[in-house]
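Quick notes on the structure that follows.
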Amino acid sequence: MPPAWTPHLDHPLPDGRPLTLLPERAAWLADAGLLLVADVHIGKAASFRRLGVPVPAGTTEANLARLDALLARWPVRRLVVLGDLLHAASGRAPATLAALAGWRSRHAGLAITLVRGNHDDHAGDPPPELAIEVVDEPLACAGLALCHDPATAAPAYVIAGHVHPVVRIGRGLDSVRLPCFQAGPRALVLPAFGEFTGGHVVHRTAGVTLVAVADGRVWRLP
């Protein structure tokens, strides 16, 4: 029987509320009007190009275009970035920051919060004119603990990033690596939102649910 790929998937939180897992590698909590993304890593490609590594351009625009699509689709009242919005100080190129400023101007009324991650510590906070609230983890919000590192001690269920989880499906030459959500009894880890981030292979274990992402759809692995 083929896998049950769906446009999005409602995953129950421990308190019974549905958290909608989206193929854009984001999560939507409807009752709070809350959109969650993690590990955007804006400026990573620019950082590599400054080192002479010939990586593709346009990743910042692609990331921001996906955010545009999400904000057009869902009635978002608050966007929370679970760490690593900017990749590094070397990636704060004028063109990158200009693209980010242009995107922010299109969504000037949107409340945005960044939960600092390890890359944010090195890249520095976003420019103040972007009007992005910046906080340390954990952020208590909507009955959840919003973090960058899923290992952060918190009194509530944790939603985090940092790991960049991917799952390997198939074997040998017929295998593929797909971004995935990793939901455990204490924390749910989002896949990296950024286009140029890499990934860490995670495995299906007892008590852990993996939801793979591919081609605009999601699939809860059996």
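Chain lettering (A, B, ...) mirrors the order of the structure tokens, residue numbering begins at 1 for each chain separately, and ligand numbering begins at 1 in order of display.
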Non-local contacts of stretch 59-75 of chain A (8 Å; only C-alpha atoms; under 5 positions in same chain excluded) as a CSV table (one decimal) with all heavy atoms, in the first residue's frame:
chain,number,residue,atom,x,y,z
A,24,GLU,N,5.8,23.1,4.1
A,24,GLU,CA,6.8,24.2,4.0
A,24,GLU,C,7.9,24.1,5.1
A,24,GLU,O,8.7,25.0,5.2
A,24,GLU,CB,6.1,25.5,4.0
A,24,GLU,CG,5.2,25.8,2.8
A,24,GLU,CD,3.8,25.3,3.0
A,24,GLU,OE1,3.5,24.6,4.0
A,24,GLU,OE2,3.0,25.6,2.1
A,33,GLY,N,-3.0,31.5,16.7
A,33,GLY,CA,-2.6,32.2,15.5
A,33,GLY,C,-1.1,32.2,15.4
A,33,GLY,O,-0.5,33.2,14.9
A,40,VAL,N,16.3,29.2,9.9
A,40,VAL,CA,16.2,29.8,8.6
A,40,VAL,C,17.6,30.0,7.9
A,40,VAL,O,17.7,29.9,6.7
A,40,VAL,CB,15.4,31.1,8.7
A,40,VAL,CG1,15.1,31.7,7.3
A,40,VAL,CG2,14.1,30.9,9.4
A,42,ILE,N,19.4,32.6,7.2
A,42,ILE,CA,19.5,33.6,6.2
A,42,ILE,C,21.0,34.1,6.1
A,42,ILE,O,21.6,34.4,7.2
A,42,ILE,CB,18.6,34.8,6.4
A,42,ILE,CG1,17.2,34.4,6.1
A,42,ILE,CG2,19.0,36.0,5.6
A,42,ILE,CD1,16.1,35.4,6.5
A,43,GLY,N,21.5,34.2,4.9
A,43,GLY,CA,22.9,34.6,4.7
A,43,GLY,C,23.9,33.5,4.7
A,43,GLY,O,25.1,33.8,4.5
A,45,ALA,N,24.4,31.1,2.4
A,45,ALA,CA,25.0,31.0,1.1
A,45,ALA,C,26.0,32.2,0.9
A,45,ALA,O,27.1,32.0,0.3
A,45,ALA,CB,23.9,31.0,0.0
A,96,THR,N,21.6,40.9,1.2
A,96,THR,CA,20.8,40.0,2.1
A,96,THR,C,19.9,40.7,3.0
A,96,THR,O,18.7,40.5,3.2
A,96,THR,CB,21.8,39.0,2.8
A,96,THR,OG1,22.5,38.2,1.9
A,96,THR,CG2,21.0,38.1,3.8
A,99,ALA,N,17.1,42.5,1.3
A,99,ALA,CA,16.0,41.5,0.9
A,99,ALA,C,15.1,41.3,2.2
A,99,ALA,O,13.9,41.2,2.1
A,99,ALA,CB,16.5,40.2,0.4
A,100,LEU,N,15.8,41.1,3.3
A,100,LEU,CA,15.0,40.9,4.6
A,100,LEU,C,14.2,42.1,5.0
A,100,LEU,O,13.1,42.0,5.4
A,100,LEU,CB,16.0,40.5,5.7
A,100,LEU,CG,15.5,40.1,7.0
A,100,LEU,CD1,14.5,38.9,6.8
A,100,LEU,CD2,16.6,39.7,8.0
A,103,TRP,N,11.2,42.3,2.8
A,103,TRP,CA,10.1,41.4,3.2
A,103,TRP,C,9.4,41.9,4.4
A,103,TRP,O,8.2,41.8,4.5
A,103,TRP,CB,10.8,40.0,3.5
A,103,TRP,CG,9.8,39.0,4.0
A,103,TRP,CD1,9.0,38.2,3.4
A,103,TRP,CD2,9.6,38.8,5.4
A,103,TRP,NE1,8.2,37.4,4.2
A,103,TRP,CE2,8.6,37.8,5.5
A,103,TRP,CE3,10.1,39.3,6.6
A,103,TRP,CZ2,8.1,37.3,6.7
A,103,TRP,CZ3,9.6,38.8,7.8
A,103,TRP,CH2,8.7,37.8,7.9
A,193,PHE,N,14.0,25.2,8.2
A,193,PHE,CA,13.2,25.9,7.2
A,193,PHE,C,14.1,26.4,6.1
A,193,PHE,O,13.6,26.5,4.9
A,193,PHE,CB,12.6,27.2,7.9
A,193,PHE,CG,11.6,27.9,7.0
A,193,PHE,CD1,10.3,27.4,6.9
A,193,PHE,CD2,12.0,29.0,6.3
A,193,PHE,CE1,9.4,28.1,6.0
A,193,PHE,CE2,11.1,29.7,5.5
A,193,PHE,CZ,9.8,29.2,5.3
A,194,GLY,N,15.4,26.7,6.3
A,194,GLY,CA,16.2,27.2,5.3
A,194,GLY,C,16.5,26.3,4.1
A,194,GLY,O,16.5,25.1,4.3
A,195,GLU,N,16.8,26.9,3.0
A,195,GLU,CA,17.0,26.2,1.7
A,195,GLU,C,18.4,25.5,1.7
A,195,GLU,O,18.6,24.6,0.9
A,195,GLU,CB,16.8,27.1,0.5
A,195,GLU,CG,15.4,27.6,0.3
A,195,GLU,CD,14.5,26.6,-0.3
A,195,GLU,OE1,15.1,25.6,-0.8
A,195,GLU,OE2,13.3,26.7,-0.3
A,196,PHE,N,19.3,26.0,2.5
A,196,PHE,CA,20.7,25.6,2.3
A,196,PHE,C,21.3,25.3,3.7
A,196,PHE,O,22.1,26.1,4.3
A,196,PHE,CB,21.5,26.8,1.6
A,196,PHE,CG,23.0,26.5,1.4
A,196,PHE,CD1,23.4,25.4,0.7
A,196,PHE,CD2,23.9,27.4,1.9
A,196,PHE,CE1,24.7,25.1,0.5
A,196,PHE,CE2,25.3,27.2,1.7
A,196,PHE,CZ,25.7,26.0,1.0
Polymer residues at most 12 Å from A:Val176, only C-alpha atoms, same-chain spacing of 4 or more positions, as a PyMOL selection string: chain A and resi 166-172+201+212-214
Requested write-out: N, CA and C atoms of the selected residues, as a PDB file, in the first residue's frame:
ATOM      1  N   VAL A 166      16.448  14.889   9.409  1.00  0.00           N
ATOM      2  CA  VAL A 166      16.064  14.283   8.142  1.00  0.00           C
ATOM      3  C   VAL A 166      15.943  12.784   8.375  1.00  0.00           C
ATOM      4  N   VAL A 167      15.137  12.123   7.559  1.00  0.00           N
ATOM      5  CA  VAL A 167      14.970  10.680   7.658  1.00  0.00           C
ATOM      6  C   VAL A 167      15.390  10.047   6.346  1.00  0.00           C
ATOM      7  N   ARG A 168      16.062   8.913   6.446  1.00  0.00           N
ATOM      8  CA  ARG A 168      16.462   8.174   5.242  1.00  0.00           C
ATOM      9  C   ARG A 168      15.396   7.121   4.940  1.00  0.00           C
ATOM     10  N   ILE A 169      14.858   7.186   3.736  1.00  0.00           N
ATOM     11  CA  ILE A 169      13.825   6.247   3.300  1.00  0.00           C
ATOM     12  C   ILE A 169      14.378   5.414   2.146  1.00  0.00           C
ATOM     13  N   GLY A 170      14.215   4.099   2.225  1.00  0.00           N
ATOM     14  CA  GLY A 170      14.761   3.204   1.222  1.00  0.00           C
ATOM     15  C   GLY A 170      16.138   2.707   1.629  1.00  0.00           C
ATOM     16  N   ARG A 171      16.768   1.974   0.718  1.00  0.00           N
ATOM     17  CA  ARG A 171      18.075   1.384   1.014  1.00  0.00           C
ATOM     18  C   ARG A 171      19.034   1.577  -0.143  1.00  0.00           C
ATOM     19  N   GLY A 172      20.305   1.687   0.196  1.00  0.00           N
ATOM     20  CA  GLY A 172      21.348   1.738  -0.821  1.00  0.00           C
ATOM     21  C   GLY A 172      21.130   2.857  -1.818  1.00  0.00           C
ATOM     22  N   VAL A 201      20.535  12.859  10.168  1.00  0.00           N
ATOM     23  CA  VAL A 201      19.646  11.708  10.049  1.00  0.00           C
ATOM     24  C   VAL A 201      19.185  11.259  11.427  1.00  0.00           C
ATOM     25  N   ALA A 212       7.663  12.890   7.499  1.00  0.00           N
ATOM     26  CA  ALA A 212       8.543  13.286   6.409  1.00  0.00           C
ATOM     27  C   ALA A 212       7.884  14.340   5.525  1.00  0.00           C
ATOM     28  N   VAL A 213       8.719  15.135   4.855  1.00  0.00           N
ATOM     29  CA  VAL A 213       8.272  16.211   3.983  1.00  0.00           C
ATOM     30  C   VAL A 213       8.872  16.005   2.596  1.00  0.00           C
ATOM     31  N   ALA A 214       8.035  16.080   1.562  1.00  0.00           N
ATOM     32  CA  ALA A 214       8.528  15.983   0.188  1.00  0.00           C
ATOM     33  C   ALA A 214       7.472  16.489  -0.773  1.00  0.00           C
TER      34      ALA A 214
END
Neighbours of A:Leu82 within 9 Å (only C-alpha atoms; same-chain residues fewer than 6 positions away dropped), as a ChimeraX atom specification? /A:36-40,113-117,137,146-149,159-162,190
Given only C-alpha atoms as the basis, pick out the residue of A:Leu110, A:Ala206, A:Ala187, A:Val158 nearest to A:Ala131.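 The shortest atom-to-atom distance to A:Ala131 comes from A:Leu110.
Residues with any atom within 10 Å of A:Arg77, counting only C-alpha atoms and excluding same-chain neighbours fewer than 4 positions away, are Ala30, Ala32, Gly33, Leu34, Leu35, Leu71, Gly109, Leu110, Ala111 and Ile112 of chain A.
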One number please: atom CA of A:Arg17 to atom CA of A:Tyr157, in Å, one decimal. 12.1 Å
Taking the DSSP secondary structure from the backbone, can you list the residues of stretch 11-201 of chain A that are strand (DSSP E or B), as a ChimeraX atom specification? /A:11-12,18-22,26-29,34-37,42,78-81,86,111-115,133-135,139-141,144-146,158-160,165-169,176-183,187-189,200-201
Find the residues around A:Leu97 up to 9 Å (only C-alpha atoms counted), leave out those fewer than 4 positions away in its own chain, and share them as JSON, numbers by chain. {"A": [43, 92, 93, 101, 102, 127]}
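As for atom CA of A:Pro165 and atom CA of A:Ala140, they are spaced 23.4 Å apart.
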Which of A:Gly143, A:Pro138, A:Arg186, A:Leu178 sits closest to A:Arg217 [using only C-alpha atoms]: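 Between A:Gly143, A:Pro138, A:Arg186, A:Leu178, the residue approaching A:Arg217 most closely is A:Leu178.
All residues within stretch 113-221 of chain A that the backbone DSSP calculation assigns to alpha helix (DSSP H) are Asn118, His119, Asp120, Asp121, His122 and Ala123 of chain A.
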